[in-house]
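*Asks:* Quick one, upload.txt (compact mmCIF, N, CA and C atoms):
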```
# COMPACT_ATOMS: atom_id res chain seq x y z
N MET M 56 22.48 75.99 -63.69
CA MET M 56 22.01 75.92 -62.33
C MET M 56 22.26 74.50 -61.81
N LYS M 57 22.71 74.42 -60.59
CA LYS M 57 22.96 73.13 -59.96
C LYS M 57 21.64 72.44 -59.62
N ALA M 58 21.63 71.13 -59.79
CA ALA M 58 20.41 70.36 -59.53
C ALA M 58 20.05 70.36 -58.05
N SER M 59 20.97 70.73 -57.19
CA SER M 59 20.65 70.82 -55.76
C SER M 59 19.55 71.85 -55.50
N ALA M 60 19.35 72.78 -56.43
CA ALA M 60 18.28 73.78 -56.30
C ALA M 60 16.90 73.12 -56.25
N LEU M 61 16.78 71.93 -56.81
CA LEU M 61 15.51 71.21 -56.79
C LEU M 61 15.09 70.85 -55.37
N PHE M 62 16.05 70.86 -54.44
CA PHE M 62 15.82 70.44 -53.06
C PHE M 62 15.74 71.61 -52.08
N LYS M 63 15.90 72.83 -52.56
CA LYS M 63 15.95 73.99 -51.65
C LYS M 63 14.67 74.15 -50.84
N LYS M 64 13.52 74.09 -51.49
CA LYS M 64 12.26 74.21 -50.77
C LYS M 64 11.84 72.81 -50.31
N ARG M 65 11.76 72.65 -49.01
CA ARG M 65 11.43 71.34 -48.45
C ARG M 65 9.92 71.10 -48.46
N PRO M 66 9.52 69.85 -48.58
CA PRO M 66 8.08 69.53 -48.51
C PRO M 66 7.49 69.95 -47.16
N GLU M 67 6.22 70.24 -47.15
CA GLU M 67 5.56 70.61 -45.91
C GLU M 67 5.31 69.40 -45.02
N LYS M 68 5.11 68.24 -45.63
CA LYS M 68 4.87 67.01 -44.87
C LYS M 68 5.86 65.94 -45.32
N TRP M 69 6.25 65.10 -44.35
CA TRP M 69 7.19 64.02 -44.60
C TRP M 69 6.50 62.69 -44.32
N GLY M 70 7.14 61.61 -44.75
CA GLY M 70 6.62 60.29 -44.45
C GLY M 70 7.01 59.87 -43.03
N LEU M 71 8.32 59.75 -42.78
CA LEU M 71 8.85 59.38 -41.47
C LEU M 71 9.96 60.35 -41.08
N ARG M 72 10.41 60.25 -39.85
CA ARG M 72 11.35 61.25 -39.32
C ARG M 72 12.72 61.25 -39.96
N GLY M 73 13.11 60.18 -40.61
CA GLY M 73 14.41 60.15 -41.28
C GLY M 73 14.38 60.81 -42.66
N ASP M 74 13.19 61.01 -43.21
CA ASP M 74 13.08 61.56 -44.57
C ASP M 74 13.72 62.94 -44.74
N PRO M 75 13.56 63.88 -43.81
CA PRO M 75 14.21 65.18 -43.99
C PRO M 75 15.74 65.08 -44.05
N TYR M 76 16.31 64.12 -43.32
CA TYR M 76 17.76 63.94 -43.34
C TYR M 76 18.22 63.39 -44.70
N PHE M 77 17.45 62.45 -45.23
CA PHE M 77 17.80 61.90 -46.55
C PHE M 77 17.64 62.98 -47.61
N TRP M 78 16.63 63.83 -47.46
CA TRP M 78 16.42 64.96 -48.38
C TRP M 78 17.67 65.84 -48.39
N GLY M 79 18.17 66.19 -47.22
CA GLY M 79 19.38 67.01 -47.11
C GLY M 79 20.59 66.32 -47.71
N TYR M 80 20.69 65.03 -47.50
CA TYR M 80 21.77 64.24 -48.08
C TYR M 80 21.71 64.31 -49.61
N LEU M 81 20.51 64.13 -50.16
CA LEU M 81 20.35 64.19 -51.62
C LEU M 81 20.66 65.58 -52.17
N GLU M 82 20.30 66.60 -51.43
CA GLU M 82 20.60 67.97 -51.88
C GLU M 82 22.11 68.12 -52.10
N LYS M 83 22.91 67.57 -51.20
CA LYS M 83 24.37 67.62 -51.36
C LYS M 83 24.83 66.78 -52.54
N ILE M 84 24.25 65.60 -52.72
CA ILE M 84 24.61 64.72 -53.83
C ILE M 84 24.35 65.42 -55.17
N PHE M 85 23.20 66.11 -55.26
CA PHE M 85 22.80 66.73 -56.52
C PHE M 85 23.57 68.02 -56.83
N GLU M 86 24.47 68.45 -55.95
CA GLU M 86 25.31 69.62 -56.24
C GLU M 86 26.23 69.38 -57.43
N LYS M 87 26.53 68.13 -57.71
CA LYS M 87 27.46 67.83 -58.81
C LYS M 87 26.77 67.69 -60.17
N TYR M 88 25.45 67.88 -60.20
CA TYR M 88 24.69 67.77 -61.46
C TYR M 88 24.12 69.13 -61.85
N GLU M 89 23.90 69.30 -63.15
CA GLU M 89 23.31 70.54 -63.68
C GLU M 89 21.86 70.29 -64.07
N CYS M 90 21.05 71.32 -63.92
CA CYS M 90 19.64 71.28 -64.33
C CYS M 90 19.47 71.93 -65.68
N PRO M 91 18.46 71.55 -66.41
CA PRO M 91 17.53 70.46 -66.13
C PRO M 91 18.18 69.10 -66.39
N MET M 92 17.62 68.09 -65.78
CA MET M 92 18.11 66.72 -65.92
C MET M 92 17.02 65.87 -66.57
N LYS M 93 17.41 64.72 -67.08
CA LYS M 93 16.40 63.77 -67.56
C LYS M 93 15.67 63.21 -66.34
N PRO M 94 14.35 63.15 -66.40
CA PRO M 94 13.58 62.63 -65.25
C PRO M 94 14.03 61.24 -64.81
N GLU M 95 14.35 60.39 -65.77
CA GLU M 95 14.77 59.03 -65.41
C GLU M 95 16.12 59.03 -64.69
N ASP M 96 16.97 60.02 -64.99
CA ASP M 96 18.26 60.13 -64.29
C ASP M 96 18.05 60.54 -62.84
N ILE M 97 17.12 61.48 -62.62
CA ILE M 97 16.81 61.91 -61.25
C ILE M 97 16.36 60.71 -60.43
N GLU M 98 15.43 59.96 -60.98
CA GLU M 98 14.89 58.81 -60.26
C GLU M 98 15.96 57.76 -59.99
N GLU M 99 16.81 57.50 -60.97
CA GLU M 99 17.84 56.49 -60.80
C GLU M 99 18.87 56.91 -59.75
N ILE M 100 19.25 58.18 -59.73
CA ILE M 100 20.20 58.67 -58.73
C ILE M 100 19.60 58.52 -57.33
N ILE M 101 18.36 58.93 -57.16
CA ILE M 101 17.72 58.83 -55.85
C ILE M 101 17.61 57.37 -55.41
N LYS M 102 17.20 56.50 -56.31
CA LYS M 102 17.09 55.08 -55.96
C LYS M 102 18.45 54.47 -55.63
N SER M 103 19.46 54.87 -56.38
CA SER M 103 20.81 54.38 -56.12
C SER M 103 21.32 54.86 -54.76
N GLU M 104 21.12 56.12 -54.45
CA GLU M 104 21.55 56.65 -53.16
C GLU M 104 20.77 56.02 -52.02
N TYR M 105 19.52 55.71 -52.25
CA TYR M 105 18.69 55.02 -51.25
C TYR M 105 19.29 53.64 -50.95
N ARG M 106 19.65 52.91 -52.02
CA ARG M 106 20.27 51.59 -51.85
C ARG M 106 21.57 51.71 -51.06
N ILE M 107 22.38 52.71 -51.39
CA ILE M 107 23.66 52.90 -50.71
C ILE M 107 23.44 53.21 -49.24
N LYS M 108 22.55 54.14 -48.95
CA LYS M 108 22.31 54.62 -47.59
C LYS M 108 21.56 53.60 -46.75
N CYS M 109 20.61 52.91 -47.34
CA CYS M 109 19.71 52.03 -46.57
C CYS M 109 20.04 50.55 -46.68
N GLY M 110 20.78 50.17 -47.71
CA GLY M 110 21.11 48.77 -47.90
C GLY M 110 19.98 47.94 -48.46
N GLU M 111 18.99 48.59 -49.04
CA GLU M 111 17.87 47.86 -49.65
C GLU M 111 17.27 48.70 -50.78
N GLU M 112 16.44 48.03 -51.58
CA GLU M 112 15.78 48.69 -52.69
C GLU M 112 14.67 49.61 -52.19
N LEU M 113 14.42 50.65 -52.94
CA LEU M 113 13.32 51.56 -52.65
C LEU M 113 12.03 50.96 -53.18
N THR M 114 11.13 50.60 -52.28
CA THR M 114 9.81 50.06 -52.63
C THR M 114 8.77 50.81 -51.80
N PRO M 115 7.50 50.74 -52.20
CA PRO M 115 6.47 51.42 -51.40
C PRO M 115 6.39 50.90 -49.95
N GLU M 116 6.77 49.66 -49.73
CA GLU M 116 6.69 49.06 -48.40
C GLU M 116 7.93 49.29 -47.55
N SER M 117 9.03 49.75 -48.16
CA SER M 117 10.28 49.86 -47.41
C SER M 117 10.23 50.96 -46.35
N MET M 118 10.78 50.63 -45.19
CA MET M 118 10.88 51.57 -44.07
C MET M 118 12.19 51.29 -43.33
N PRO M 119 13.33 51.45 -44.02
CA PRO M 119 14.61 51.10 -43.39
C PRO M 119 14.99 52.08 -42.29
N PHE M 120 15.77 51.58 -41.36
CA PHE M 120 16.32 52.40 -40.28
C PHE M 120 17.74 52.79 -40.67
N VAL M 121 18.05 54.09 -40.60
CA VAL M 121 19.39 54.60 -40.87
C VAL M 121 19.87 55.25 -39.57
N SER M 122 20.83 54.62 -38.92
CA SER M 122 21.23 55.05 -37.58
C SER M 122 21.70 56.50 -37.53
N GLU M 123 22.37 56.98 -38.56
CA GLU M 123 22.85 58.36 -38.53
C GLU M 123 21.71 59.38 -38.61
N TYR M 124 20.52 58.94 -38.97
CA TYR M 124 19.35 59.82 -39.02
C TYR M 124 18.50 59.74 -37.75
N ALA M 125 18.91 58.92 -36.79
CA ALA M 125 18.15 58.75 -35.56
C ALA M 125 18.34 59.95 -34.65
N SER M 126 17.24 60.65 -34.39
CA SER M 126 17.31 61.85 -33.56
C SER M 126 16.30 61.82 -32.42
N GLY M 127 15.64 60.71 -32.24
CA GLY M 127 14.64 60.58 -31.18
C GLY M 127 13.23 60.55 -31.73
N GLY M 128 12.36 59.87 -31.04
CA GLY M 128 10.97 59.78 -31.49
C GLY M 128 10.66 58.39 -32.02
N MET M 129 9.37 58.16 -32.22
CA MET M 129 8.90 56.83 -32.59
C MET M 129 9.44 56.33 -33.93
N SER M 130 9.50 57.16 -34.93
CA SER M 130 9.99 56.71 -36.24
C SER M 130 11.36 57.30 -36.54
N CYS M 131 12.11 57.63 -35.50
CA CYS M 131 13.42 58.26 -35.72
C CYS M 131 14.32 57.35 -36.54
N GLY M 132 14.99 57.95 -37.49
CA GLY M 132 15.94 57.21 -38.32
C GLY M 132 15.33 56.38 -39.42
N LYS M 133 14.01 56.35 -39.52
CA LYS M 133 13.37 55.54 -40.56
C LYS M 133 12.99 56.39 -41.76
N LEU M 134 13.11 55.78 -42.94
CA LEU M 134 12.70 56.41 -44.19
C LEU M 134 11.44 55.74 -44.69
N SER M 135 10.61 56.50 -45.36
CA SER M 135 9.36 55.98 -45.92
C SER M 135 9.51 55.79 -47.42
N GLY M 136 9.55 54.54 -47.86
CA GLY M 136 9.61 54.26 -49.30
C GLY M 136 8.40 54.83 -50.01
N GLU M 137 7.25 54.73 -49.38
CA GLU M 137 6.02 55.26 -49.97
C GLU M 137 6.14 56.77 -50.21
N PHE M 138 6.66 57.51 -49.22
CA PHE M 138 6.84 58.95 -49.37
C PHE M 138 7.75 59.26 -50.56
N TRP M 139 8.88 58.57 -50.66
CA TRP M 139 9.83 58.86 -51.73
C TRP M 139 9.27 58.54 -53.11
N LEU M 140 8.59 57.42 -53.23
CA LEU M 140 8.05 57.03 -54.54
C LEU M 140 6.82 57.82 -54.95
N GLU M 141 5.96 58.13 -54.00
CA GLU M 141 4.68 58.77 -54.34
C GLU M 141 4.68 60.29 -54.20
N LYS M 142 5.57 60.84 -53.40
CA LYS M 142 5.55 62.28 -53.18
C LYS M 142 6.87 62.97 -53.57
N ALA M 143 7.97 62.54 -52.96
CA ALA M 143 9.23 63.25 -53.12
C ALA M 143 9.78 63.18 -54.55
N ILE M 144 9.90 61.99 -55.10
CA ILE M 144 10.46 61.87 -56.46
C ILE M 144 9.58 62.60 -57.47
N PRO M 145 8.25 62.41 -57.45
CA PRO M 145 7.42 63.19 -58.39
C PRO M 145 7.57 64.71 -58.20
N LEU M 146 7.71 65.17 -56.95
CA LEU M 146 7.89 66.60 -56.68
C LEU M 146 9.19 67.11 -57.29
N ILE M 147 10.26 66.38 -57.10
CA ILE M 147 11.56 66.78 -57.64
C ILE M 147 11.55 66.77 -59.16
N LYS M 148 10.93 65.77 -59.77
CA LYS M 148 10.81 65.71 -61.22
C LYS M 148 9.98 66.89 -61.75
N LYS M 149 8.91 67.23 -61.04
CA LYS M 149 8.05 68.35 -61.45
C LYS M 149 8.85 69.66 -61.41
N ARG M 150 9.60 69.87 -60.35
CA ARG M 150 10.41 71.08 -60.25
C ARG M 150 11.43 71.13 -61.39
N ASN M 151 12.01 70.01 -61.71
CA ASN M 151 12.99 69.92 -62.81
C ASN M 151 12.35 70.29 -64.14
N SER M 152 11.13 69.81 -64.37
CA SER M 152 10.44 70.07 -65.66
C SER M 152 10.01 71.54 -65.78
N GLU M 153 9.89 72.22 -64.64
CA GLU M 153 9.47 73.62 -64.67
C GLU M 153 10.63 74.58 -64.94
N LEU M 154 11.85 74.06 -65.01
CA LEU M 154 13.02 74.93 -65.27
C LEU M 154 13.13 75.30 -66.73
```
Transcribe the structure of this file into structure tokens.
*Replies:*
Amino acid sequence: MKASALFKKRPEKWGLRGDPYFWGYLEKIFEKYECPMKPEDIEEIIKSEYRIKCGEELTPESMPFVSEYASGGMSCGKLSGEFWLEKAIPLIKKRNSEL
């Protein structure tokens, strides 16, 4: 099974408005990997893609603006480092462990 399956069901709540776009981006990136994966590999890939897309490290305080994710609204185009570290990455790892 492709690891992109880990991203099929989207979270009910997001951190900022750019997060759903990054989620979709990651779903495409993970098409080239097979499940189950090592949890540390999942985290490293997400952090690496975050660095590539945002130009900075993923930290709880990070809220980078990604222009291609700007669709209007107060937090348009911004990603929430806190959301990715505290909610999204643990959720994806949990789904991986349940396979």
*Asks:* Nearest residue to Arg150 (chain M) out of M:Val121, M:Leu61, M:Ile107, M:Ile100, using only N, CA and C atoms?
*Replies:*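 Closest candidate: M:Leu61.
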*Asks:* Give the helix (DSSP H, G or I) residues of chain M, as DSSP finds them on the backbone, and put them as a ChimeraX atom specification.
*Replies:* /M:58-62,74-87,94-109,122-124,136-152
*Asks:* Could you check the closest approach to Pro75 (chain M) for each of M:Gly110, M:Ser59, M:Tyr124, M:Glu116 and tell me which residue wins, using only C-alpha atoms?
*Replies:*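 Of all the options, M:Tyr124 lies closest to Pro75 (chain M).
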*Asks:* For each of M:Asp96, M:Lys83, M:Lys102, M:Ser126, take the minimum atom-to-atom distance to Ala143 (chain M), counting only C-alpha atoms, then give the residue where this is smallest.
*Replies:* M:Lys102
*Asks:* So how many Å separate atom C of Gly73 (chain M) and atom N of Leu140 (chain M), to one decimal?
*Replies:*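 Between these atoms lies a distance of 12.5 Å.
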*Asks:* Using Å and a single decimal, report how far atom N of Trp139 (chain M) sits from atom N of Gly70 (chain M).
*Replies:* 6.9 Å
*Asks:* Using all atoms listed in the file, which of M:Ile101, M:Arg65, M:Ala58, M:Thr114 sits nearest Glu86 (chain M)?
*Replies:*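 The shortest atom-to-atom distance to Glu86 (chain M) comes from M:Ala58.
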*Asks:* Distance cut-off 12 Å, centre (23.6, 65.7, -54.3) in file coordinates, counting only C-alpha atoms: which residues qualify? Return them as a PyMOL selection string.
*Replies:* chain M and resi 57-63+77-89+97+100-101+103-104
*Asks:* One decimal, in Å: what's the spacing between CA of Glu137 (chain M) and CA of Pro66 (chain M)?
*Replies:*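 Distance between the two atoms: 14.5 Å.
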*Asks:* Mind giving me the axis-aligned box for region 57-74 of chain M with 8 Å on every side, centre plus edges in Å to one decimal, as lines of an AutoDock Vina configuration file?
*Replies:*
```
center_x = 13.9
center_y = 66.9
center_z = -50.0
size_x = 34.1
size_y = 31.0
size_z = 37.3
```
*Asks:* Would you pick out the contacts of Arg72 (chain M) at 6 Å or less, using all atoms listed in the file, so that residues sharing its chain but fewer than 6 positions from it are not included, and give the list as a PyMOL selection string?
*Replies:* chain M and resi 130-133
*Asks:* Pick the closest to Met92 (chain M) from M:Ile144, M:Ala125, M:Leu71, M:Leu154: which is it, counting only C-alpha atoms?
*Replies:*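 Looking only at the distances to Met92 (chain M), the closest residue turns out to be M:Leu154.
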*Asks:* Can you work out which one of M:Glu95, M:Cys109, M:Ser117, M:Leu134 has the shortest atom-to-atom distance to Asp74 (chain M), counting all atoms listed in the file?
*Replies:*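 Using all atoms listed in the file, Asp74 (chain M) sits closest to M:Leu134.
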